[in-house]
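> mmCIF, C-alpha atoms, file data_31.cif:
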```
data_entry
loop_
_atom_site.label_atom_id
_atom_site.label_comp_id
_atom_site.auth_asym_id
_atom_site.auth_seq_id
_atom_site.Cartn_x
_atom_site.Cartn_y
_atom_site.Cartn_z
CA LEU A 1 33.80 -31.32 -80.13
CA TYR A 2 31.58 -28.24 -80.15
CA ALA A 3 28.19 -28.54 -78.43
CA ASP A 4 26.21 -28.27 -81.67
CA GLN A 5 28.38 -30.80 -83.49
CA LYS A 6 28.06 -33.85 -81.25
CA GLY A 7 25.62 -36.12 -79.47
CA LEU A 8 22.53 -37.78 -80.88
CA PRO A 9 21.69 -34.87 -83.24
CA ALA A 10 25.10 -35.26 -84.89
CA ILE A 11 24.56 -39.00 -85.30
CA ASP A 12 21.08 -38.36 -86.71
CA TYR A 13 22.56 -36.00 -89.31
CA LEU A 14 25.56 -38.11 -90.27
CA VAL A 15 23.67 -41.38 -90.60
CA TYR A 16 20.53 -40.19 -92.38
CA VAL A 17 21.55 -37.27 -94.62
CA ASN A 18 23.86 -39.23 -96.92
CA GLU A 19 23.34 -42.73 -98.26
CA GLU A 20 27.06 -43.41 -98.01
CA LEU A 21 29.53 -41.81 -95.60
CA SER A 22 33.01 -40.72 -96.59
CA SER A 23 36.01 -41.93 -94.60
CA VAL A 24 36.19 -38.53 -92.90
CA GLU A 25 32.51 -38.70 -91.92
CA ILE A 26 32.92 -42.24 -90.60
CA SER A 27 35.88 -41.13 -88.48
CA TYR A 28 33.90 -38.19 -87.13
CA LEU A 29 30.90 -40.42 -86.39
CA GLN A 30 33.16 -42.72 -84.37
CA LEU A 31 34.55 -39.70 -82.53
CA VAL A 32 31.02 -38.59 -81.62
CA ILE A 33 30.09 -42.08 -80.40
CA ASP A 34 33.29 -42.42 -78.35
CA GLU A 35 32.68 -39.06 -76.70
CA MET A 36 29.15 -40.12 -75.73
CA GLN A 37 30.34 -43.44 -74.37
CA ASP A 38 33.02 -41.70 -72.28
CA ARG A 39 30.42 -39.40 -70.73
CA ILE A 40 28.06 -42.30 -69.98
CA THR A 41 30.91 -44.24 -68.36
CA ILE A 42 31.88 -41.28 -66.16
CA VAL A 43 28.29 -40.85 -64.92
CA LYS A 44 27.81 -44.58 -64.33
CA ASP A 45 31.12 -45.02 -62.49
CA THR A 46 30.54 -41.93 -60.35
CA TRP A 47 27.10 -43.20 -59.34
CA ILE A 48 28.33 -46.70 -58.48
CA ASN A 49 31.57 -45.72 -56.75
CA SER A 50 30.54 -42.71 -54.70
CA TYR A 51 27.46 -40.65 -55.46
CA ARG A 52 24.86 -43.41 -54.91
CA ALA A 53 25.70 -43.56 -51.21
CA THR A 54 25.76 -39.78 -50.94
CA PHE A 55 22.38 -39.54 -52.67
CA ILE A 56 20.76 -42.11 -50.35
CA GLU A 57 22.20 -40.58 -47.19
CA ASN A 58 21.02 -37.09 -48.17
CA ILE A 59 17.54 -37.54 -46.69
CA GLY A 60 14.82 -34.96 -46.15
CA THR A 61 12.86 -32.67 -48.44
CA ASP A 62 14.95 -29.49 -48.31
CA ASN A 63 16.56 -28.09 -51.45
CA GLY A 64 19.71 -30.11 -52.05
CA SER A 65 18.33 -33.32 -50.55
CA GLY A 66 18.42 -36.44 -52.69
CA LEU A 67 14.63 -36.44 -53.06
CA SER A 68 14.54 -32.76 -54.02
CA ILE A 69 17.30 -33.23 -56.60
CA MET A 70 15.49 -36.22 -58.13
CA LEU A 71 12.06 -34.59 -58.35
CA ASN A 72 13.43 -31.31 -59.66
CA ALA A 73 15.39 -33.19 -62.33
CA TYR A 74 12.26 -35.13 -63.30
CA ILE A 75 10.03 -32.06 -63.55
CA LYS A 76 12.73 -30.03 -65.31
CA TYR A 77 13.11 -32.76 -67.93
CA TYR A 78 9.34 -32.94 -68.35
CA GLU A 79 9.13 -29.17 -68.84
CA LYS A 80 12.25 -28.27 -70.81
CA ASP A 81 13.04 -31.41 -72.80
CA PHE A 82 9.67 -33.15 -73.16
CA ARG A 83 7.14 -30.30 -73.35
CA ASP A 84 9.32 -27.69 -75.04
CA GLY A 85 11.93 -29.77 -76.86
CA LYS A 86 9.68 -32.42 -78.35
CA LEU A 87 6.66 -30.25 -79.17
CA GLY A 88 6.67 -26.66 -77.90
CA PHE A 89 9.57 -25.33 -79.96
CA PRO A 90 8.66 -27.08 -83.24
CA LEU A 91 5.03 -26.04 -82.76
CA GLY A 92 6.04 -22.40 -82.32
CA ILE A 93 4.69 -21.97 -78.80
CA ARG A 94 8.02 -20.42 -77.82
CA ASN A 95 8.34 -18.40 -81.03
CA PHE A 96 5.20 -16.23 -81.24
CA ASP A 97 3.25 -19.02 -82.96
CA ASN A 98 5.77 -19.39 -85.78
CA GLN A 99 6.48 -23.06 -86.30
CA LEU A 100 10.11 -24.22 -86.15
CA PRO A 101 10.08 -27.71 -87.70
CA LEU A 102 13.88 -27.79 -87.92
CA THR A 103 14.03 -27.92 -84.11
CA ALA A 104 12.19 -31.25 -84.02
CA GLU A 105 14.05 -34.13 -82.40
CA ALA A 106 15.63 -36.66 -84.79
CA TYR A 107 14.79 -34.37 -87.72
CA TYR A 108 16.68 -36.37 -90.36
CA SER A 109 15.58 -39.87 -89.32
CA ASN A 110 11.89 -38.87 -89.15
CA ILE A 111 11.20 -40.72 -85.91
CA SER A 112 10.41 -37.75 -83.67
CA HIS A 113 6.79 -38.85 -83.16
CA SER A 114 7.89 -42.33 -82.08
CA LEU A 115 10.45 -40.89 -79.67
CA MET A 116 7.79 -38.65 -78.16
CA LYS A 117 5.55 -41.65 -77.47
CA GLU A 118 8.45 -43.53 -75.92
CA SER A 119 9.22 -40.54 -73.74
CA VAL A 120 5.63 -40.51 -72.44
CA ALA A 121 5.94 -44.20 -71.55
CA ASP A 122 9.28 -43.67 -69.79
CA LEU A 123 8.03 -40.65 -67.83
CA LYS A 124 4.99 -42.65 -66.70
CA THR A 125 7.20 -45.55 -65.62
CA ALA A 126 9.33 -43.19 -63.54
CA PHE A 127 6.20 -41.76 -61.94
CA TYR A 128 4.39 -45.03 -61.20
CA GLY A 129 7.26 -47.47 -60.97
CA LYS A 130 7.48 -50.83 -62.69
CA GLY A 131 6.84 -54.22 -61.18
CA ASP A 132 8.01 -54.18 -57.57
CA ASP A 133 9.90 -50.91 -58.02
CA LEU A 134 8.40 -47.86 -56.35
CA GLY A 135 7.58 -44.68 -58.24
CA ILE A 136 7.11 -41.02 -57.45
CA ASN A 137 3.42 -41.70 -56.73
CA ASN A 138 4.44 -43.75 -53.68
CA LEU A 139 5.73 -40.59 -52.00
CA LEU A 140 2.18 -39.35 -51.54
CA THR A 141 0.13 -40.49 -48.57
CA SER A 142 -3.62 -41.03 -48.60
CA GLY A 143 -4.01 -37.26 -48.31
CA GLY A 144 -2.66 -36.90 -51.84
CA SER A 145 -5.18 -39.23 -53.51
CA ASN A 146 -7.03 -36.34 -55.14
CA ILE A 147 -3.83 -35.06 -56.71
CA LEU A 148 -2.90 -38.55 -57.90
CA ASN A 149 -6.32 -38.94 -59.54
CA LYS A 150 -5.85 -35.66 -61.42
CA ILE A 151 -2.34 -36.66 -62.48
CA GLU A 152 -3.53 -40.06 -63.67
CA THR A 153 -6.26 -38.42 -65.75
CA GLN A 154 -3.70 -36.15 -67.39
CA TRP A 155 -1.33 -39.02 -68.18
CA THR A 156 -4.24 -40.77 -69.88
CA ASN A 157 -5.11 -37.63 -71.87
CA ILE A 158 -1.49 -37.11 -72.92
CA GLN A 159 -1.12 -40.71 -74.03
CA LEU A 160 -4.31 -40.48 -76.09
CA GLU A 161 -3.12 -37.25 -77.72
CA THR A 162 0.40 -38.46 -78.53
CA ASN A 163 -0.85 -41.82 -79.81
CA ASN A 164 -2.75 -39.90 -82.46
CA ILE A 165 0.45 -38.32 -83.80
CA ASN A 166 1.32 -40.60 -86.71
CA THR A 167 3.69 -38.38 -88.68
CA PRO A 168 7.08 -36.92 -87.70
CA ILE A 169 6.76 -33.84 -85.51
CA GLU A 170 8.44 -31.66 -88.14
CA GLU A 171 5.56 -32.47 -90.50
CA TYR A 172 2.85 -32.63 -87.85
CA VAL A 173 3.35 -29.07 -86.59
CA LEU A 174 2.87 -27.72 -90.12
CA THR A 175 -0.26 -29.68 -90.98
CA ASN A 176 -1.95 -30.18 -87.59
CA GLN A 177 -1.16 -27.07 -85.59
CA GLY A 178 -4.59 -27.03 -83.90
CA ASN A 179 -4.28 -30.63 -82.71
CA GLY A 180 -0.70 -29.95 -81.71
CA LYS A 181 -1.83 -27.10 -79.48
CA ASP A 182 -4.42 -29.39 -77.88
CA THR A 183 -1.67 -31.89 -77.10
CA TYR A 184 0.54 -29.13 -75.72
CA SER A 185 -2.31 -27.93 -73.47
CA GLU A 186 -2.73 -31.42 -71.98
CA ILE A 187 1.02 -31.61 -71.36
CA GLN A 188 0.97 -28.16 -69.79
CA GLU A 189 -1.89 -29.09 -67.48
CA LEU A 190 0.11 -31.98 -66.08
CA LEU A 191 3.14 -29.74 -65.64
CA VAL A 192 1.11 -27.46 -63.38
CA LEU A 193 -0.01 -30.46 -61.32
CA LEU A 194 3.59 -31.64 -60.95
CA LYS A 195 5.20 -28.27 -60.22
CA ILE A 196 2.55 -26.83 -57.94
CA ASP A 197 0.17 -29.46 -56.55
CA LEU A 198 2.58 -32.38 -56.20
CA MET A 199 5.48 -30.35 -54.86
CA SER A 200 3.24 -28.46 -52.41
CA CYS A 201 1.76 -31.71 -51.14
CA LEU A 202 5.29 -33.01 -50.51
CA ASP A 203 6.31 -29.68 -48.91
CA MET A 204 9.03 -29.24 -51.50
CA LYS A 205 10.09 -26.42 -53.82
CA ILE A 206 11.17 -26.08 -57.42
CA SER A 207 14.87 -25.27 -57.27
CA TYR A 208 15.81 -24.87 -60.93
CA VAL A 209 15.62 -21.53 -62.73
CA ASP A 210 12.08 -21.11 -64.01
CA THR A 211 10.85 -18.13 -66.03
CA ASP A 212 7.77 -19.87 -67.39
CA GLY A 213 5.21 -18.54 -64.92
CA ASP A 214 3.68 -21.97 -64.18
#
```
What do you get writing this file as structure tokens?

Amino acid sequence: LYADQKGLPAIDYLVYVNEELSSVEISYLQLVIDEMQDRITIVKDTWINSYRATFIENIGTDNGSGLSIMLNAYIKYYEKDFRDGKLGFPLGIRNFDNQLPLTAEAYYSNISHSLMKESVADLKTAFYGKGDDLGINNLLTSGGSNILNKIETQWTNIQLETNNINTPIEEYVLTNQGNGKDTYSEIQELLVLLKIDLMSCLDMKISYVDTDGD
């Protein structure tokens, strides 16, 4: 399968564009689902059978350590997939202020705003932990309390902003561009705290390719 013809976007298109799928479309949908399941199984089995132990044993804060890999993956997702993918690209921030509603997540099912809210909740859970599970915030000692307070304020601001998005992103960016930019600014402010303040406090570096200037 080609990259632009598979995954969740392909399922979104196949399921929601037509009221009834042809036999060919049903077969292709099953092929897409099977390919996703195979990839999930490979990642899960690799983690359980070998990489989990390697990850845990790779202690320290240097680039390539388990902690560095985890935090870089978290911040990269926040920046590239959450900030840009869910809002920045559709809003036109990355296209000279020209909105690109077709780039919105789950364009055909019209649930992009709901997915964005769920993503905020999931990112917060990863940062603060859940129940007895530790989160990223537990990495900071008492000396990082000021940074944690700033980060907590931004999470609150982001949640307030995204909770006010009640229409699909592909519609929202066309009718509420000003509010969308306010939401983007709050998201961007937290990104700076994560990439610069948090990582500096932990004596760690961003290791992924970054041309954003944050």
> Around all the atoms of range 144-157 of chain A listed in the file, draw an axis-aligned box and extend it by 6 Å on each of the six sides; I want its centre and edge lengths in Å to one decimal, as AutoDock Vina command-line options.

```
--center_x -4.2 --center_y -37.9 --center_z -61.9 --size_x 17.7 --size_y 17.7 --size_z 32.0
```
> Determine, counting only C-alpha atoms, which protein, DNA and RNA residues have an atom within 12 Å of an atom of Asn149 in chain A; residues of the same chain fewer than 5 positions away are not included. Present the result as a list in words.
Asn137, Leu140, Ser142, Gly143, Gly144, Gln154, Trp155, Thr156, Leu190, Leu193, Asp197 and Leu198 of chain A
> So how far away is CA of Ile69 in chain A from CA of Tyr51 in chain A, in Å?
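Separation of CA of Tyr51 in chain A and CA of Ile69 in chain A: 12.6 Å.
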> Show which residues sit within 10 Å of Ile26 in chain A, as a ChimeraX atom specification. Count all atoms listed in the file, and ignore same-chain residues fewer than 6 positions away.
/A:14-15,20,32
> Do you have the CA of Tyr16 in chain A-CA of Ile111 in chain A distance handy?
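These two atoms are separated by 11.4 Å.
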> Nearest residue to Phe127 in chain A out of A:Tyr107, A:Phe89, A:Tyr184, A:Tyr78, using all atoms listed in the file?
A:Tyr78
> Give me, please, the distance in Å between CA of Gly7 in chain A and CA of Thr41 in chain A, quoted to one decimal.
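Separation of CA of Gly7 in chain A and CA of Thr41 in chain A: 14.7 Å.
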> With only C-alpha atoms as the counted atoms, please give the residues lying no more than 10 Å from Lys76 in chain A, apart from itself and same-chain residues fewer than 2 positions off, as a ChimeraX atom specification.
/A:70-74,78-83,191,195,206-210
> Between A:Thr46, A:Asn63, A:Ser22, A:Ser109, which one has atoms that come closest to Glu170 in chain A, using all atoms listed in the file?
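Once distances to Glu170 in chain A are computed over all atoms listed in the file, the minimum belongs to A:Ser109.
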> Pick the closest to Asp182 in chain A from A:Leu91, A:Lys86, A:Ala121, A:Asn146: which is it, counting all atoms listed in the file?
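Closest residue, counting all atoms listed in the file: A:Leu91.
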> Using all atoms listed in the file, which residues sit within 12 Å of Ser119 in chain A once same-chain residues fewer than 3 positions away are excluded, as a list in words?
Tyr77, Tyr78, Asp81, Phe82, Arg83, Gly85, Lys86, Leu87, Glu105, Ser112, His113, Ser114, Leu115, Met116, Asp122, Leu123, Lys124, Thr125, Ala126, Ile158, Gln159, Thr162 and Asn163 of chain A
> How would range 105-131 of chain A read, as a CSV table (one decimal), in the coordinates of the input, once N, CA, C and O atoms are built in?

```csv
chain,number,residue,atom,x,y,z
A,105,GLU,N,13.1,-33.1,-82.8
A,105,GLU,CA,14.0,-34.1,-82.4
A,105,GLU,C,14.2,-35.1,-83.6
A,105,GLU,O,13.2,-35.4,-84.3
A,106,ALA,N,15.4,-35.6,-83.7
A,106,ALA,CA,15.6,-36.7,-84.8
A,106,ALA,C,15.1,-36.2,-86.1
A,106,ALA,O,14.4,-37.0,-86.8
A,107,TYR,N,15.4,-35.0,-86.5
A,107,TYR,CA,14.8,-34.4,-87.7
A,107,TYR,C,15.1,-35.2,-89.0
A,107,TYR,O,14.2,-35.4,-89.8
A,108,TYR,N,16.3,-35.7,-89.1
A,108,TYR,CA,16.7,-36.4,-90.4
A,108,TYR,C,16.2,-37.8,-90.4
A,108,TYR,O,16.0,-38.3,-91.5
A,109,SER,N,16.0,-38.5,-89.3
A,109,SER,CA,15.6,-39.9,-89.3
A,109,SER,C,14.1,-40.0,-89.3
A,109,SER,O,13.5,-41.1,-89.4
A,110,ASN,N,13.4,-38.9,-89.1
A,110,ASN,CA,11.9,-38.9,-89.2
A,110,ASN,C,11.2,-39.8,-88.1
A,110,ASN,O,10.2,-40.4,-88.4
A,111,ILE,N,11.8,-39.9,-86.9
A,111,ILE,CA,11.2,-40.7,-85.9
A,111,ILE,C,10.8,-39.9,-84.7
A,111,ILE,O,10.6,-40.5,-83.6
A,112,SER,N,10.7,-38.6,-84.8
A,112,SER,CA,10.4,-37.8,-83.7
A,112,SER,C,9.1,-38.1,-83.0
A,112,SER,O,9.0,-38.0,-81.8
A,113,HIS,N,8.1,-38.5,-83.8
A,113,HIS,CA,6.8,-38.8,-83.2
A,113,HIS,C,6.9,-40.1,-82.3
A,113,HIS,O,6.3,-40.3,-81.3
A,114,SER,N,7.7,-41.1,-82.8
A,114,SER,CA,7.9,-42.3,-82.1
A,114,SER,C,8.7,-42.1,-80.8
A,114,SER,O,8.3,-42.6,-79.7
A,115,LEU,N,9.7,-41.2,-80.9
A,115,LEU,CA,10.4,-40.9,-79.7
A,115,LEU,C,9.6,-40.2,-78.6
A,115,LEU,O,9.8,-40.4,-77.4
A,116,MET,N,8.7,-39.4,-79.1
A,116,MET,CA,7.8,-38.6,-78.2
A,116,MET,C,6.9,-39.6,-77.4
A,116,MET,O,6.7,-39.5,-76.2
A,117,LYS,N,6.4,-40.6,-78.1
A,117,LYS,CA,5.6,-41.6,-77.5
A,117,LYS,C,6.4,-42.5,-76.5
A,117,LYS,O,5.9,-42.8,-75.4
A,118,GLU,N,7.6,-42.8,-76.8
A,118,GLU,CA,8.4,-43.5,-75.9
A,118,GLU,C,8.8,-42.7,-74.7
A,118,GLU,O,8.9,-43.2,-73.6
A,119,SER,N,8.9,-41.4,-74.9
A,119,SER,CA,9.2,-40.5,-73.7
A,119,SER,C,8.0,-40.5,-72.8
A,119,SER,O,8.2,-40.5,-71.6
A,120,VAL,N,6.8,-40.5,-73.3
A,120,VAL,CA,5.6,-40.5,-72.4
A,120,VAL,C,5.6,-41.8,-71.6
A,120,VAL,O,5.4,-41.8,-70.4
A,121,ALA,N,5.9,-42.9,-72.3
A,121,ALA,CA,5.9,-44.2,-71.6
A,121,ALA,C,7.0,-44.2,-70.5
A,121,ALA,O,6.8,-44.7,-69.3
A,122,ASP,N,8.2,-43.7,-70.8
A,122,ASP,CA,9.3,-43.7,-69.8
A,122,ASP,C,9.0,-42.7,-68.6
A,122,ASP,O,9.3,-43.1,-67.5
A,123,LEU,N,8.4,-41.6,-68.9
A,123,LEU,CA,8.0,-40.6,-67.8
A,123,LEU,C,7.0,-41.3,-66.9
A,123,LEU,O,7.0,-41.1,-65.7
A,124,LYS,N,6.0,-42.0,-67.5
A,124,LYS,CA,5.0,-42.6,-66.7
A,124,LYS,C,5.6,-43.7,-65.8
A,124,LYS,O,5.2,-43.9,-64.7
A,125,THR,N,6.5,-44.5,-66.4
A,125,THR,CA,7.2,-45.6,-65.6
A,125,THR,C,7.9,-45.0,-64.4
A,125,THR,O,7.9,-45.5,-63.3
A,126,ALA,N,8.6,-43.8,-64.6
A,126,ALA,CA,9.3,-43.2,-63.5
A,126,ALA,C,8.3,-42.7,-62.5
A,126,ALA,O,8.7,-42.7,-61.3
A,127,PHE,N,7.2,-42.3,-62.9
A,127,PHE,CA,6.2,-41.8,-61.9
A,127,PHE,C,5.5,-42.9,-61.2
A,127,PHE,O,5.3,-42.8,-59.9
A,128,TYR,N,5.2,-44.0,-61.8
A,128,TYR,CA,4.4,-45.0,-61.2
A,128,TYR,C,5.2,-46.2,-60.8
A,128,TYR,O,4.7,-47.1,-60.1
A,129,GLY,N,6.5,-46.3,-61.3
A,129,GLY,CA,7.3,-47.5,-61.0
A,129,GLY,C,6.9,-48.6,-61.9
A,129,GLY,O,6.0,-48.5,-62.8
A,130,LYS,N,7.7,-49.7,-61.8
A,130,LYS,CA,7.5,-50.8,-62.7
A,130,LYS,C,7.7,-52.1,-61.9
A,130,LYS,O,8.7,-52.3,-61.2
A,131,GLY,N,6.7,-53.0,-62.0
A,131,GLY,CA,6.8,-54.2,-61.2
A,131,GLY,C,6.9,-53.9,-59.7
A,131,GLY,O,6.0,-53.2,-59.2
```
